[in-house]
Amino acid sequence: MTRRDAEQALGRAEVAAGLAAGDWVEPWYGVVVPATRVHDPLTRAAAALLRAGPHAVLSGATAVAMHGCDLAADGMVHVTIPYDRELRSQPDLVIHQAWVRECDVVELDGLRTQALDVAICELLCTGEQRSALDCLEQALAQLGEAAERFRALVAERLARRRDRRGTRRATALLQLAWSRPRGVLVGGVR
């Protein structure tokens with residue numbers, strides 16, 4: 001919860017004592033979490049959204065991980081905020097600024113998260129190449145029959161992307177991605 005909310009609910013002295021004793025942790029300025037949950041990915045994601053504000057959305061590698069692509073987890077929490085909001089990245093919290101369209105936001109585990117195609121598109125453009133390709137392939141494998149439709153959706157997003165940086169690389173990675181589940185024999189070849 002926000003530190004302000006915690007102080008209103010528990011009292012300023014109680015929160016200060018809890019922080020001093022290590023019962024509470026303030027991972028980012030203005031947000032406190034129970035120390036026992038400080039390493040829980042969902043708790044960290046919720047805390048990051050609290051820090052970033054009401055129009056923030058989990059994005060990039062964090063959003064891809066929220067969608068079930070465990071290869072995306074990198075220990076950092078990635079959040080996108082609208083351009084009218086100013087906030088700097090902090091240790092373990094990466095702040096991105098972009099246009100946030102509500103139609104591109106889904107709620108997963110009660111948290112505002114980029115839709116999978118939006119998050120994969122961002123990861124392909126801005127993330128580390130091998131990790132981005134691995135995440136895309138994991139997403140395609142999880143989608144099964146819908147994989148090629150998803151690939152086309154990501155290609156369309158890349159073609160319409162306002163920020164053109166990284167789109168050529170992303171398009172090449174999208175074409176390179178393997179869409180069949182790994183280990184499946186096709187014509188006697190894995």
# chains A, B, ... in the order shown; residues from 1 in each chain; ligands from 1

$ residues_around --residues "range 46-49 of chain A" --least-positions-apart "6" --cutoff "9 Å" --atoms "only C-alpha atoms" --output "PyMOL selection string"
chain A and resi 1-2+27-28+31-33+55-58+77-79+93+110-112

$ write_last_selection --atoms "N, CA, C and O atoms" --output "PDB file, in the first residue's frame"
ATOM      1  N   MET A   1       0.837  -1.172   0.000  1.00  0.00           N
ATOM      2  CA  MET A   1       0.000   0.000   0.000  1.00  0.00           C
ATOM      3  C   MET A   1       0.880   1.231   0.000  1.00  0.00           C
ATOM      4  O   MET A   1       2.079   1.132   0.258  1.00  0.00           O
ATOM      5  N   THR A   2       0.275   2.373  -0.296  1.00  0.00           N
ATOM      6  CA  THR A   2       1.084   3.580  -0.238  1.00  0.00           C
ATOM      7  C   THR A   2       1.454   3.835   1.211  1.00  0.00           C
ATOM      8  O   THR A   2       0.747   3.431   2.135  1.00  0.00           O
ATOM      9  N   PRO A  27      10.091  -0.645  -0.962  1.00  0.00           N
ATOM     10  CA  PRO A  27      10.907  -0.948  -2.140  1.00  0.00           C
ATOM     11  C   PRO A  27      11.144   0.275  -3.019  1.00  0.00           C
ATOM     12  O   PRO A  27      12.191   0.390  -3.647  1.00  0.00           O
ATOM     13  N   TRP A  28      10.150   1.150  -3.096  1.00  0.00           N
ATOM     14  CA  TRP A  28      10.254   2.389  -3.852  1.00  0.00           C
ATOM     15  C   TRP A  28       9.585   3.474  -3.034  1.00  0.00           C
ATOM     16  O   TRP A  28       8.626   3.217  -2.301  1.00  0.00           O
ATOM     17  N   VAL A  31       5.849   3.654  -1.120  1.00  0.00           N
ATOM     18  CA  VAL A  31       5.114   2.392  -1.157  1.00  0.00           C
ATOM     19  C   VAL A  31       5.742   1.445  -0.131  1.00  0.00           C
ATOM     20  O   VAL A  31       6.955   1.285  -0.094  1.00  0.00           O
ATOM     21  N   VAL A  32       4.898   0.827   0.699  1.00  0.00           N
ATOM     22  CA  VAL A  32       5.400  -0.138   1.681  1.00  0.00           C
ATOM     23  C   VAL A  32       4.739  -1.494   1.453  1.00  0.00           C
ATOM     24  O   VAL A  32       3.585  -1.572   1.031  1.00  0.00           O
ATOM     25  N   VAL A  33       5.523  -2.541   1.702  1.00  0.00           N
ATOM     26  CA  VAL A  33       5.011  -3.907   1.591  1.00  0.00           C
ATOM     27  C   VAL A  33       5.511  -4.701   2.792  1.00  0.00           C
ATOM     28  O   VAL A  33       6.561  -4.381   3.356  1.00  0.00           O
ATOM     29  N   HIS A  55      -2.712   5.691 -13.919  1.00  0.00           N
ATOM     30  CA  HIS A  55      -2.772   5.408 -15.356  1.00  0.00           C
ATOM     31  C   HIS A  55      -1.592   4.561 -15.828  1.00  0.00           C
ATOM     32  O   HIS A  55      -1.428   4.339 -17.022  1.00  0.00           O
ATOM     33  N   ALA A  56      -0.785   4.084 -14.891  1.00  0.00           N
ATOM     34  CA  ALA A  56       0.373   3.257 -15.227  1.00  0.00           C
ATOM     35  C   ALA A  56      -0.084   1.854 -15.598  1.00  0.00           C
ATOM     36  O   ALA A  56      -1.174   1.412 -15.231  1.00  0.00           O
ATOM     37  N   VAL A  57       0.781   1.152 -16.311  1.00  0.00           N
ATOM     38  CA  VAL A  57       0.476  -0.208 -16.740  1.00  0.00           C
ATOM     39  C   VAL A  57       1.767  -1.029 -16.711  1.00  0.00           C
ATOM     40  O   VAL A  57       2.835  -0.524 -17.059  1.00  0.00           O
ATOM     41  N   LEU A  58       1.665  -2.262 -16.244  1.00  0.00           N
ATOM     42  CA  LEU A  58       2.812  -3.174 -16.313  1.00  0.00           C
ATOM     43  C   LEU A  58       3.122  -3.401 -17.785  1.00  0.00           C
ATOM     44  O   LEU A  58       2.209  -3.608 -18.592  1.00  0.00           O
ATOM     45  N   VAL A  77      10.981  -4.653 -12.501  1.00  0.00           N
ATOM     46  CA  VAL A  77       9.564  -4.418 -12.775  1.00  0.00           C
ATOM     47  C   VAL A  77       9.497  -3.284 -13.787  1.00  0.00           C
ATOM     48  O   VAL A  77      10.031  -2.198 -13.555  1.00  0.00           O
ATOM     49  N   HIS A  78       8.865  -3.560 -14.927  1.00  0.00           N
ATOM     50  CA  HIS A  78       8.736  -2.581 -15.999  1.00  0.00           C
ATOM     51  C   HIS A  78       7.322  -2.010 -15.982  1.00  0.00           C
ATOM     52  O   HIS A  78       6.341  -2.756 -15.986  1.00  0.00           O
ATOM     53  N   VAL A  79       7.247  -0.690 -15.960  1.00  0.00           N
ATOM     54  CA  VAL A  79       5.966   0.013 -15.913  1.00  0.00           C
ATOM     55  C   VAL A  79       6.004   1.120 -16.958  1.00  0.00           C
ATOM     56  O   VAL A  79       7.013   1.819 -17.100  1.00  0.00           O
ATOM     57  N   LEU A  93      13.095  -0.908 -10.680  1.00  0.00           N
ATOM     58  CA  LEU A  93      11.855  -0.365 -11.251  1.00  0.00           C
ATOM     59  C   LEU A  93      12.221   0.450 -12.487  1.00  0.00           C
ATOM     60  O   LEU A  93      12.849   1.499 -12.383  1.00  0.00           O
ATOM     61  N   GLY A 110      -5.721  -8.698 -11.014  1.00  0.00           N
ATOM     62  CA  GLY A 110      -6.102  -7.408 -10.459  1.00  0.00           C
ATOM     63  C   GLY A 110      -5.156  -6.275 -10.790  1.00  0.00           C
ATOM     64  O   GLY A 110      -5.296  -5.170 -10.254  1.00  0.00           O
ATOM     65  N   LEU A 111      -4.200  -6.498 -11.689  1.00  0.00           N
ATOM     66  CA  LEU A 111      -3.199  -5.487 -12.018  1.00  0.00           C
ATOM     67  C   LEU A 111      -3.311  -5.056 -13.477  1.00  0.00           C
ATOM     68  O   LEU A 111      -3.464  -5.899 -14.374  1.00  0.00           O
ATOM     69  N   ARG A 112      -3.208  -3.754 -13.713  1.00  0.00           N
ATOM     70  CA  ARG A 112      -3.250  -3.218 -15.074  1.00  0.00           C
ATOM     71  C   ARG A 112      -1.992  -3.681 -15.815  1.00  0.00           C
ATOM     72  O   ARG A 112      -0.872  -3.414 -15.383  1.00  0.00           O
TER      73      ARG A 112
END

$ select_by_dssp --residues "chain A" --states "helix (DSSP H, G or I)" --output "ChimeraX atom specification"
/A:3-10,12-21,35-37,41-52,60-66,70-72,102-104,116-126,129-160,167-176

$ residues_around --residues "Ala132 in chain A" --least-positions-apart "2" --cutoff "9 Å" --atoms "only C-alpha atoms" --output "ChimeraX atom specification"
/A:61,71-72,120,123-130,134-137,170,173

$ atom_distance --atom1 "CA of Ala115 in chain A" --atom2 "CA of Arg88 in chain A"
23.5 Å

$ residues_around --residues "Thr36 in chain A" --least-positions-apart "5" --cutoff "12 Å" --atoms "only C-alpha atoms" --output "list in words"
Gly22, Asp23, Trp24, Val25, Thr43 and Arg44 of chain A

$ select_by_dssp --residues "range 32-149 of chain A" --states "strand (DSSP E or B)" --output "ChimeraX atom specification"
/A:32-34,57-58,77-81,90,93-97,105-108,111-114

$ closest_atom_pairs --of "range 6-85 of chain A" --to "range 139-161 of chain A" --cutoff "10 Å" --atoms "only C-alpha atoms" --output "JSON lines"
{"residue": "A:Val64", "atom": "CA", "partner": "A:Ala139", "partner_atom": "CA", "distance": 8.5}
{"residue": "A:His67", "atom": "CA", "partner": "A:Ala139", "partner_atom": "CA", "distance": 8.6}
{"residue": "A:Gly68", "atom": "CA", "partner": "A:Ala139", "partner_atom": "CA", "distance": 8.1}
{"residue": "A:Cys69", "atom": "CA", "partner": "A:Ala139", "partner_atom": "CA", "distance": 6.3}
{"residue": "A:Asp70", "atom": "CA", "partner": "A:Ala139", "partner_atom": "CA", "distance": 9.8}
{"residue": "A:Leu71", "atom": "CA", "partner": "A:Ala139", "partner_atom": "CA", "distance": 9.8}

$ residues_around --residues "Gln97 in chain A" --least-positions-apart "2" --cutoff "10 Å" --atoms "only C-alpha atoms" --output "JSON, numbers by chain"
{"A": [56, 79, 80, 81, 82, 83, 84, 85, 86, 87, 88, 95, 99, 100]}

$ atom_distance --atom1 "CA of Arg3 in chain A" --atom2 "CA of Leu50 in chain A"
10.1 Å

$ closest_residue --among "A:Met76, A:Ala35, A:Ala45, A:Ala6" --to "Ala20 in chain A" --atoms "only C-alpha atoms"
A:Ala35
